Amino acid sequence: MLSFLSSASRNSAHFIITLFDKVIFSNHTAIIQKKEYHHSNPIYFSIQSMNSSSWRSYYESNRLNRPEPGWQLPCHVPDDLRKVIALSLSHFQLGETGGGTFLLCEAARETDADDLAALTLFVREEQEHARLLARMVQRLGGALICRHWTHRLFKLARRAGGFRFEIQMLLTAEIVGTAYYELVNAGTNDTPLNDALGLMLRDEARHVAFHLDRLRLRWKTYLPFERALWSLQFQALVLLAVRIAWLDHGRCLRVLGHTWADFATRARQVAIDFLDGLNTRTLSCRGCRTETTKIENALT
Ligand SMILES: [Fe+2]
Ligand SMILES: [Fe+2]
């Protein structure tokens, strides 16, 4: 019975999301997938081409600029905090794992080679986060986990809505993750932990900017009411994800001296910056200014 309900709810979710995506956004989806359109519109083509190749270059260079935290240094986190932080980090560690097979297979059907390469490197960067988080958990004496209800829920929702919804779920995770890593970083005083969190925060800011640039290409083709609809469902998703994350990580963040208001305010601000970025002339939100400047200079 439970599996029937689960399957029924999965099918309903998929139906609603597919309907939303296919019916409301069908016209410009077709336009974007037509390669001729790129060639017939030099502005669109140049933005997409530069954008994706620029992001590919960014991800390639970012792999070479990753100082490894000094894991051998003595740990200064108080004993009573280690267990609770390690448990919370282990849940995020599980969330950062994954080969991105579904995402990359779906992306291969509708994007260019540079964008696909950038997406592949983005997935690898998330896997690198999983490695750093695993080192952090081990440093605090915790254990890695293989399953958790939040991970299952996240995975189910990602698959239910198809490729674009999966990207949107990843974006939501970036927003929640940014707020979480910032607060954990602010609440701990341990050099290797802070260095690892600093690295991940630097990456996550660029990941949000990456998703922003990718969505902006589609955003240009949306009518005002379509933008309003997308924005509405995205905000609802973010608010839900922030609530769920607090359920799971609230104890850890409270122990580190933060409140629900701290967490929610920070996550909401990242989401607000993202939505503002969709409607501004710049191609990226804050956190990726170097890459943005290159693109902006070429456009003016
Ligand atoms: Fe990450
Ligand atoms: Fe990320």
# chains A, B, ... in the order shown; residues from 1 in each chain; ligands from 1
>>> closest_atom_pairs(of="chain A", to="ligand 2", cutoff="8 Å", atoms="only C-alpha atoms and all ligand atoms", output="JSON lines")
{"residue": "A:Phe122", "atom": "CA", "partner": "ligand 2", "partner_atom_place_in_ligand_line": "1 (Fe)", "distance": 7.6}
{"residue": "A:Glu125", "atom": "CA", "partner": "ligand 2", "partner_atom_place_in_ligand_line": "1 (Fe)", "distance": 7.5}
{"residue": "A:Glu126", "atom": "CA", "partner": "ligand 2", "partner_atom_place_in_ligand_line": "1 (Fe)", "distance": 5.7}
{"residue": "A:Leu170", "atom": "CA", "partner": "ligand 2", "partner_atom_place_in_ligand_line": "1 (Fe)", "distance": 7.5}
{"residue": "A:Leu171", "atom": "CA", "partner": "ligand 2", "partner_atom_place_in_ligand_line": "1 (Fe)", "distance": 7.7}
{"residue": "A:Ala173", "atom": "CA", "partner": "ligand 2", "partner_atom_place_in_ligand_line": "1 (Fe)", "distance": 7.4}
{"residue": "A:Glu174", "atom": "CA", "partner": "ligand 2", "partner_atom_place_in_ligand_line": "1 (Fe)", "distance": 5.0}
{"residue": "A:Gly177", "atom": "CA", "partner": "ligand 2", "partner_atom_place_in_ligand_line": "1 (Fe)", "distance": 7.6}
{"residue": "A:Met200", "atom": "CA", "partner": "ligand 2", "partner_atom_place_in_ligand_line": "1 (Fe)", "distance": 7.8}
{"residue": "A:Asp203", "atom": "CA", "partner": "ligand 2", "partner_atom_place_in_ligand_line": "1 (Fe)", "distance": 6.6}
{"residue": "A:Glu204", "atom": "CA", "partner": "ligand 2", "partner_atom_place_in_ligand_line": "1 (Fe)", "distance": 4.5}
{"residue": "A:Ala205", "atom": "CA", "partner": "ligand 2", "partner_atom_place_in_ligand_line": "1 (Fe)", "distance": 7.9}
{"residue": "A:His207", "atom": "CA", "partner": "ligand 2", "partner_atom_place_in_ligand_line": "1 (Fe)", "distance": 5.2}
{"residue": "A:Val208", "atom": "CA", "partner": "ligand 2", "partner_atom_place_in_ligand_line": "1 (Fe)", "distance": 7.3}
>>> closest_atom_pairs(of="segment 176-231 of chain A", to="segment 78-96 of chain A", cutoff="12 Å", atoms="only C-alpha atoms", output="CSV")
residue,atom,partner,partner_atom,distance
A:Val176,CA,A:Phe92,CA,10.5
A:Gly177,CA,A:Phe92,CA,8.2
A:Thr178,CA,A:Phe92,CA,11.5
A:Tyr180,CA,A:Phe92,CA,9.5
A:Tyr181,CA,A:Leu89,CA,9.4
A:Leu183,CA,A:Ile85,CA,11.7
A:Val184,CA,A:Ile85,CA,8.4
A:Asn185,CA,A:Ile85,CA,11.1
A:Gly187,CA,A:Ile85,CA,10.3
A:Thr188,CA,A:Leu81,CA,9.5
A:Asn189,CA,A:Pro78,CA,9.7
A:Asp190,CA,A:Pro78,CA,10.0
A:Leu193,CA,A:Ile85,CA,11.0
A:Leu197,CA,A:Leu89,CA,10.9
A:Met200,CA,A:Glu96,CA,11.1
A:Glu204,CA,A:Glu96,CA,11.7
>>> select_by_dssp(residues="segment 52-97 of chain A", states="alpha helix (DSSP H)", output="VMD selection string")
chain A and resid 52 to 62 79 to 96
>>> closest_residue(among="A:Arg218, A:Arg266, A:Arg109, A:Arg251", to="Phe163 of chain A", atoms="only C-alpha atoms")
A:Arg109
>>> residues_around(residues="Leu153 of chain A", least_positions_apart="2", cutoff="12 Å", atoms="only C-alpha atoms", output="mmCIF file with C-alpha atoms, in the first residue's frame")
data_model
loop_
_atom_site.group_PDB
_atom_site.id
_atom_site.type_symbol
_atom_site.label_atom_id
_atom_site.label_comp_id
_atom_site.auth_asym_id
_atom_site.auth_seq_id
_atom_site.Cartn_x
_atom_site.Cartn_y
_atom_site.Cartn_z
ATOM 1 C CA SER A 6 4.681 6.475 -2.999
ATOM 2 C CA ARG A 10 5.727 10.270 -7.611
ATOM 3 C CA GLY A 95 23.984 15.006 -0.207
ATOM 4 C CA ARG A 147 21.305 6.763 3.750
ATOM 5 C CA HIS A 148 19.096 9.384 5.326
ATOM 6 C CA TRP A 149 15.478 10.446 4.853
ATOM 7 C CA THR A 150 16.401 13.954 3.643
ATOM 8 C CA HIS A 151 18.685 12.474 0.973
ATOM 9 C CA LYS A 155 16.602 12.309 -4.721
ATOM 10 C CA LEU A 156 12.933 11.418 -5.218
ATOM 11 C CA ALA A 157 11.987 15.036 -5.908
ATOM 12 C CA ARG A 158 14.899 15.499 -8.318
ATOM 13 C CA ARG A 159 13.972 12.482 -10.404
ATOM 14 C CA ALA A 160 10.235 13.192 -10.304
ATOM 15 C CA MET A 169 16.661 21.182 -6.954
ATOM 16 C CA ALA A 241 13.940 23.229 1.616
ATOM 17 C CA ILE A 244 13.488 20.741 6.017
ATOM 18 C CA ALA A 245 17.178 21.637 6.408
#
>>> closest_residue(among="A:Ala113, A:Ile145, A:Ala186, A:Ile175", to="ligand 1", atoms="only C-alpha atoms and all ligand atoms")
A:Ile175
>>> atom_distance(atom1="atom CA of Leu215 of chain A", atom2="atom CA of Thr265 of chain A")
23.7 Å
>>> residues_around(residues="Pro192 of chain A", least_positions_apart="4", cutoff="7 Å", atoms="only C-alpha atoms", output="list in words")
Pro69, Gly70, Trp71 and Ala196 of chain A
>>> closest_residue(among="A:Leu140, A:Leu64, A:Cys105, A:Ala179", to="ligand 1", atoms="only C-alpha atoms and all ligand atoms")
A:Ala179
>>> atom_distance(atom1="atom CA of Gly141 of chain A", atom2="atom CA of Gly98 of chain A")
23.5 Å
>>> atom_distance(atom1="atom CA of Val77 of chain A", atom2="atom CA of Arg243 of chain A")
27.1 Å
>>> residues_around(residues="segment 52-61 of chain A", least_positions_apart="5", cutoff="6 Å", atoms="only C-alpha atoms", output="ChimeraX atom specification")
/A:114-115,118
>>> write_last_selection(atoms="C-alpha atoms", output="CSV table (one decimal), in the first residue's frame")
chain,number,residue,atom,x,y,z
A,114,ASP,CA,31.1,23.5,-23.6
A,115,ASP,CA,28.0,23.6,-21.4
A,118,ALA,CA,31.1,22.8,-17.6
>>> closest_residue(among="A:Leu201, A:Ile167, A:Val137, A:Ala143", to="ligand 1", atoms="only C-alpha atoms and all ligand atoms")
A:Leu201
>>> residues_around(residues="Gly250 of chain A", least_positions_apart="4", cutoff="9 Å", atoms="only C-alpha atoms", output="list in words")
Ala245, Trp246, Arg254, Val255, His258, Thr259, Trp260 and Phe263 of chain A
>>> decode(residues="segment 199-238 of chain A", atoms="N, CA and C atoms", output="CSV table (one decimal), in the first residue's frame")
chain,number,residue,atom,x,y,z
A,199,LEU,N,36.8,27.0,1.2
A,199,LEU,CA,36.9,26.5,-0.2
A,199,LEU,C,35.5,26.2,-0.8
A,200,MET,N,34.7,25.5,0.0
A,200,MET,CA,33.4,25.1,-0.5
A,200,MET,C,32.5,26.3,-0.7
A,201,LEU,N,32.6,27.3,0.2
A,201,LEU,CA,31.8,28.5,0.1
A,201,LEU,C,32.2,29.3,-1.2
A,202,ARG,N,33.5,29.3,-1.4
A,202,ARG,CA,33.9,30.0,-2.7
A,202,ARG,C,33.3,29.3,-3.9
A,203,ASP,N,33.4,28.0,-3.9
A,203,ASP,CA,32.8,27.2,-5.0
A,203,ASP,C,31.3,27.4,-5.1
A,204,GLU,N,30.6,27.3,-4.0
A,204,GLU,CA,29.1,27.4,-4.0
A,204,GLU,C,28.6,28.7,-4.5
A,205,ALA,N,29.4,29.8,-4.2
A,205,ALA,CA,29.0,31.1,-4.7
A,205,ALA,C,29.0,31.1,-6.3
A,206,ARG,N,30.0,30.4,-6.8
A,206,ARG,CA,30.2,30.3,-8.2
A,206,ARG,C,29.2,29.4,-8.8
A,207,HIS,N,28.8,28.3,-8.1
A,207,HIS,CA,27.8,27.4,-8.6
A,207,HIS,C,26.4,28.1,-8.7
A,208,VAL,N,26.1,29.0,-7.7
A,208,VAL,CA,24.8,29.7,-7.8
A,208,VAL,C,24.9,30.6,-9.1
A,209,ALA,N,26.1,31.2,-9.3
A,209,ALA,CA,26.2,32.1,-10.4
A,209,ALA,C,26.1,31.3,-11.8
A,210,PHE,N,26.7,30.1,-11.7
A,210,PHE,CA,26.6,29.2,-12.9
A,210,PHE,C,25.2,28.9,-13.3
A,211,HIS,N,24.4,28.5,-12.3
A,211,HIS,CA,23.0,28.2,-12.5
A,211,HIS,C,22.3,29.4,-13.0
A,212,LEU,N,22.6,30.6,-12.4
A,212,LEU,CA,22.0,31.8,-12.8
A,212,LEU,C,22.2,32.1,-14.3
A,213,ASP,N,23.5,32.0,-14.7
A,213,ASP,CA,23.8,32.2,-16.1
A,213,ASP,C,23.1,31.3,-17.1
A,214,ARG,N,23.0,30.0,-16.6
A,214,ARG,CA,22.3,29.0,-17.5
A,214,ARG,C,20.8,29.3,-17.6
A,215,LEU,N,20.2,29.7,-16.4
A,215,LEU,CA,18.8,30.0,-16.4
A,215,LEU,C,18.5,31.3,-17.2
A,216,ARG,N,19.4,32.3,-17.1
A,216,ARG,CA,19.2,33.5,-17.8
A,216,ARG,C,18.9,33.4,-19.3
A,217,LEU,N,19.6,32.4,-19.9
A,217,LEU,CA,19.4,32.1,-21.3
A,217,LEU,C,17.9,31.8,-21.6
A,218,ARG,N,17.3,31.0,-20.7
A,218,ARG,CA,15.9,30.6,-20.9
A,218,ARG,C,15.0,31.8,-20.5
A,219,TRP,N,15.5,32.5,-19.4
A,219,TRP,CA,14.6,33.5,-18.8
A,219,TRP,C,14.3,34.6,-19.8
A,220,LYS,N,15.2,34.9,-20.7
A,220,LYS,CA,15.0,35.9,-21.8
A,220,LYS,C,13.8,35.6,-22.6
A,221,THR,N,13.4,34.3,-22.7
A,221,THR,CA,12.3,33.9,-23.6
A,221,THR,C,11.0,33.7,-22.9
A,222,TYR,N,11.0,33.9,-21.6
A,222,TYR,CA,9.8,33.8,-20.8
A,222,TYR,C,9.0,35.1,-20.8
A,223,LEU,N,7.7,35.0,-20.9
A,223,LEU,CA,6.8,36.1,-20.8
A,223,LEU,C,6.7,36.5,-19.3
A,224,PRO,N,6.3,37.7,-19.0
A,224,PRO,CA,6.2,38.1,-17.6
A,224,PRO,C,5.4,37.2,-16.7
A,225,PHE,N,4.3,36.7,-17.2
A,225,PHE,CA,3.5,35.8,-16.3
A,225,PHE,C,4.2,34.4,-16.1
A,226,GLU,N,5.0,34.0,-17.1
A,226,GLU,CA,5.8,32.8,-17.0
A,226,GLU,C,6.9,33.0,-16.0
A,227,ARG,N,7.5,34.1,-16.1
A,227,ARG,CA,8.6,34.5,-15.1
A,227,ARG,C,8.0,34.5,-13.7
A,228,ALA,N,6.8,35.1,-13.5
A,228,ALA,CA,6.1,35.1,-12.2
A,228,ALA,C,5.8,33.7,-11.7
A,229,LEU,N,5.3,32.9,-12.6
A,229,LEU,CA,5.0,31.5,-12.2
A,229,LEU,C,6.3,30.7,-11.8
A,230,TRP,N,7.3,30.8,-12.6
A,230,TRP,CA,8.6,30.1,-12.3
A,230,TRP,C,9.1,30.6,-10.9
A,231,SER,N,9.1,31.9,-10.8
A,231,SER,CA,9.6,32.6,-9.6
A,231,SER,C,8.8,32.1,-8.3
A,232,LEU,N,7.5,32.0,-8.5
A,232,LEU,CA,6.7,31.6,-7.4
A,232,LEU,C,7.0,30.2,-6.9
A,233,GLN,N,7.0,29.3,-7.9
A,233,GLN,CA,7.2,27.9,-7.5
A,233,GLN,C,8.7,27.7,-6.9
A,234,PHE,N,9.6,28.5,-7.5
A,234,PHE,CA,11.0,28.4,-7.0
A,234,PHE,C,11.1,28.9,-5.5
A,235,GLN,N,10.4,30.0,-5.2
A,235,GLN,CA,10.5,30.5,-3.9
A,235,GLN,C,9.8,29.5,-2.9
A,236,ALA,N,8.7,28.9,-3.3
A,236,ALA,CA,8.0,27.9,-2.5
A,236,ALA,C,9.0,26.7,-2.2
A,237,LEU,N,9.7,26.3,-3.2
A,237,LEU,CA,10.6,25.2,-3.1
A,237,LEU,C,11.8,25.6,-2.1
A,238,VAL,N,12.3,26.8,-2.2
A,238,VAL,CA,13.4,27.2,-1.4
A,238,VAL,C,12.9,27.3,0.1
